[in-house]
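This report refers to the structure that appears directly beneath it.
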Amino acid sequence: MPRLLVLLLIFFSVISLSLWSLTAQSLPPAKYDGFLYKTGDAVDSDSILIEAFFDPVCPDSRDSWPPLKQILHHYGSRTSFLLHLLPLPYHDNAFVTSRALHIANSLNASSTFPLLERFFKYQERFYNAQTRNLSRVSVVKKIVKFAAHEVGNSYYSAIESGFNDRRTDLKTRVSFKFSASRGVYGTPMFYVNGFVLPDAGSPLDYNGWRKIIDPLVHAKKDTNVNTLPFFF
């Protein structure tokens, strides 16, 4: 076979393989990203959807959760809530703490938000300065022990194994890529019924949330009310 023909076959094989790889990587995940928060009430199929993008070691994410949680319980089935994780690159332990939440969710879904709250409560332990002199392995061991306290000590080995499972790494990467695809660049950031709220990176207090959600709740009772201008 002429050398030029061989080279052409190799070239087109490489191109085809590259295109196949790109196509495979572009496939959507099997499940929509995010952790669903349950208030105990059956969610109305026509509920107001709130989405939040949090970093487990972000102080503003920590401060924004209590008033948002209060709002979710106030409105009950009239709202539904999805949490998305955006591990910020300038927080050294954002990715590993986010990965711990994915692992916890896969082992015991009811522990996901309690673990998030535990990360928020003891957040300082995982700040850059506090872990600067620790190896990556040491940090992971600390987080495994930390997560087991909330997920259940019987899950210790499973949590530890989770950090060696590529699937949990991929889930955490998908969360990051999903956030990027939505134009999210900082935490916390909020969407309501698909529309981004202004002032990204700043927590909203309880009254601030009421000003946003109340008009939407009332609008459902009066279909002639146009609430869209609020978001523009």
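Ordering of the structure tokens sets the chain letters (A, B, ...); residue numbers start at 1 within each chain; ligands are numbered from 1 in the order shown.
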Distance query Phe119 of chain A at most 12 Å, only C-alpha atoms, self and fewer than 2 positions along chain excluded, as a ChimeraX atom specification: /A:54-59,61-62,65,93-94,96-98,100-101,112-117,121-127,143,146-147,149-150
Give me, as a ChimeraX atom specification, the residues of segment 5-217 of chain A that a backbone DSSP run labels strand (DSSP E). /A:35-37,48-54,79-85,189-192,195-196
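For the residues A:Ser138, A:Leu170, A:Ser64, A:Phe120, ranking by smallest atom-to-atom distance to Gly208 of chain A using only C-alpha atoms places A:Ser64 first.
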DSSP-assigned helix (DSSP H, G or I) members of segment 27-136 of chain A, reported as a ChimeraX atom specification: /A:59-78,94-107,109-121,123-126,129-131,136
Please, which residues in segment 74-137 of chain A fall within 12 Å of segment 32-38 of chain A when counting only C-alpha atoms, and what is the closest atom pair and distance in Å to one decimal for each, ordered by chain then residue number, as a tab-separated table?
```
residue	atom	partner	partner_atom	distance
A:Tyr75	CA	A:Lys38	CA	12.0
A:Gly76	CA	A:Lys38	CA	8.9
A:Ser77	CA	A:Lys38	CA	9.2
A:Arg78	CA	A:Lys38	CA	11.9
A:Thr79	CA	A:Lys38	CA	10.1
A:Ser80	CA	A:Tyr37	CA	7.3
A:Phe81	CA	A:Tyr37	CA	5.5
A:Leu82	CA	A:Leu36	CA	4.7
A:Leu83	CA	A:Phe35	CA	5.0
A:His84	CA	A:Gly34	CA	4.7
A:Leu85	CA	A:Gly34	CA	7.4
A:Leu86	CA	A:Gly34	CA	10.6
A:Ser98	CA	A:Gly34	CA	11.6
A:Leu101	CA	A:Phe35	CA	9.5
A:His102	CA	A:Phe35	CA	9.0
A:Ala104	CA	A:Phe35	CA	11.2
A:Asn105	CA	A:Phe35	CA	8.1
A:Ser106	CA	A:Phe35	CA	10.8
A:Ala109	CA	A:Phe35	CA	8.9
A:Ser110	CA	A:Lys38	CA	9.3
A:Ser111	CA	A:Tyr37	CA	11.0
A:Thr112	CA	A:Phe35	CA	7.9
A:Phe113	CA	A:Tyr37	CA	7.6
A:Pro114	CA	A:Tyr37	CA	10.8
A:Leu116	CA	A:Phe35	CA	11.0
```
For Asp60 of chain A, work out the shell of residues within 7 Å, counting only C-alpha atoms and skipping chain neighbours fewer than 4 positions away, then give it as a VMD selection string. chain A and resid 64 188 201 to 203
Residues just named, written with all heavy atoms as a compact mmCIF listing (two decimals), in the first residue's frame:
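This is the output file part.txt:
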```txt
# COMPACT_ATOMS: atom_id res chain seq x y z
N SER A 64 -26.38 32.33 53.07
CA SER A 64 -27.62 32.44 52.31
C SER A 64 -28.56 31.26 52.57
O SER A 64 -29.76 31.36 52.28
CB SER A 64 -27.31 32.52 50.81
OG SER A 64 -26.81 31.29 50.34
N PRO A 188 -23.11 32.63 46.26
CA PRO A 188 -24.29 31.93 45.75
C PRO A 188 -24.89 32.64 44.55
O PRO A 188 -24.74 33.85 44.40
CB PRO A 188 -25.25 31.99 46.94
CG PRO A 188 -24.91 33.30 47.61
CD PRO A 188 -23.42 33.44 47.46
N GLY A 201 -23.62 36.32 44.08
CA GLY A 201 -22.58 36.30 45.08
C GLY A 201 -22.98 36.90 46.40
O GLY A 201 -22.18 36.93 47.34
N SER A 202 -24.20 37.38 46.50
CA SER A 202 -24.68 38.00 47.74
C SER A 202 -25.84 37.20 48.30
O SER A 202 -26.74 36.79 47.56
CB SER A 202 -25.14 39.44 47.49
OG SER A 202 -24.08 40.21 46.97
N PRO A 203 -25.84 36.97 49.62
CA PRO A 203 -26.96 36.24 50.23
C PRO A 203 -28.23 37.09 50.20
O PRO A 203 -28.18 38.32 50.22
CB PRO A 203 -26.50 36.03 51.68
CG PRO A 203 -25.04 36.32 51.70
CD PRO A 203 -24.79 37.30 50.59
```
Record the distance separating atom CA of Arg210 of chain A and atom CA of Ile71 of chain A, expressed in Å with one decimal. 7.5 Å
Tell me which of A:Leu72, A:Val140, A:Val151, A:Ala200 sits closest to Tyr185 of chain A, counting only C-alpha atoms.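 The closest residue to Tyr185 of chain A is A:Ala200.
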Close residues, Phe163 of chain A itself excluded, 8 Å, only C-alpha atoms, min 5 positions apart in chain, as a PyMOL selection string: chain A and resi 99-100+103+168-169
Please write the residues from the selection above to a file, keeping all heavy atoms, as a compact mmCIF listing (two decimals), in the first residue's frame.
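Once everything was written out, this is part24.txt:
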```txt
# COMPACT_ATOMS: atom_id res chain seq x y z
N ARG A 99 -17.56 16.78 46.18
CA ARG A 99 -17.56 15.35 45.86
C ARG A 99 -18.10 14.54 47.03
O ARG A 99 -18.82 13.56 46.83
CB ARG A 99 -16.14 14.91 45.51
CG ARG A 99 -16.05 13.50 44.95
CD ARG A 99 -14.65 13.19 44.46
NE ARG A 99 -14.56 11.84 43.94
CZ ARG A 99 -13.43 11.30 43.49
NH1 ARG A 99 -12.31 12.02 43.47
NH2 ARG A 99 -13.41 10.06 43.03
N ALA A 100 -17.78 14.96 48.25
CA ALA A 100 -18.30 14.27 49.44
C ALA A 100 -19.82 14.32 49.46
O ALA A 100 -20.48 13.35 49.87
CB ALA A 100 -17.72 14.90 50.70
N ILE A 103 -21.13 11.76 47.05
CA ILE A 103 -20.98 10.43 47.63
C ILE A 103 -22.07 10.18 48.66
O ILE A 103 -22.72 9.13 48.67
CB ILE A 103 -19.58 10.26 48.26
CG1 ILE A 103 -18.50 10.31 47.17
CG2 ILE A 103 -19.49 8.96 49.05
CD1 ILE A 103 -17.08 10.43 47.71
N THR A 168 -17.95 9.26 41.04
CA THR A 168 -18.21 10.41 41.90
C THR A 168 -17.41 11.63 41.45
O THR A 168 -17.85 12.76 41.60
CB THR A 168 -17.90 10.09 43.38
OG1 THR A 168 -16.48 9.89 43.55
CG2 THR A 168 -18.63 8.85 43.83
N ASP A 169 -16.24 11.36 40.89
CA ASP A 169 -15.44 12.45 40.32
C ASP A 169 -16.16 13.05 39.12
O ASP A 169 -16.26 14.27 38.98
CB ASP A 169 -14.07 11.91 39.91
CG ASP A 169 -13.20 12.96 39.23
OD1 ASP A 169 -12.71 13.86 39.93
OD2 ASP A 169 -13.02 12.88 37.99
```
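Proximity of A:His73, A:Asn153, A:Asp92, A:Pro87 to Ser135 of chain A, computed with only C-alpha atoms, is greatest for A:Asp92.
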Which residue of A:Asn108, A:Lys221, A:Ala30, A:Ser175 approaches Ser154 of chain A most closely, using only C-alpha atoms: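 Closest to Ser154 of chain A, using only C-alpha atoms: A:Asn108.
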Measure the distance from atom CA of Ser47 of chain A to atom CA of Pro67 of chain A in Å and round it to one decimal.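 These atoms are spaced 19.0 Å apart.
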Report, in Å with one decimal, the straight-line distance from atom CA of Phe190 of chain A to atom CA of Ile48 of chain A.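 Separation between atom CA of Phe190 of chain A and atom CA of Ile48 of chain A: 12.9 Å.
Of the listed residues (A:Tyr206, A:Gly186, A:Phe178, A:Ile213), A:Tyr206 comes nearest to Pro66 of chain A; the distances count only C-alpha atoms.
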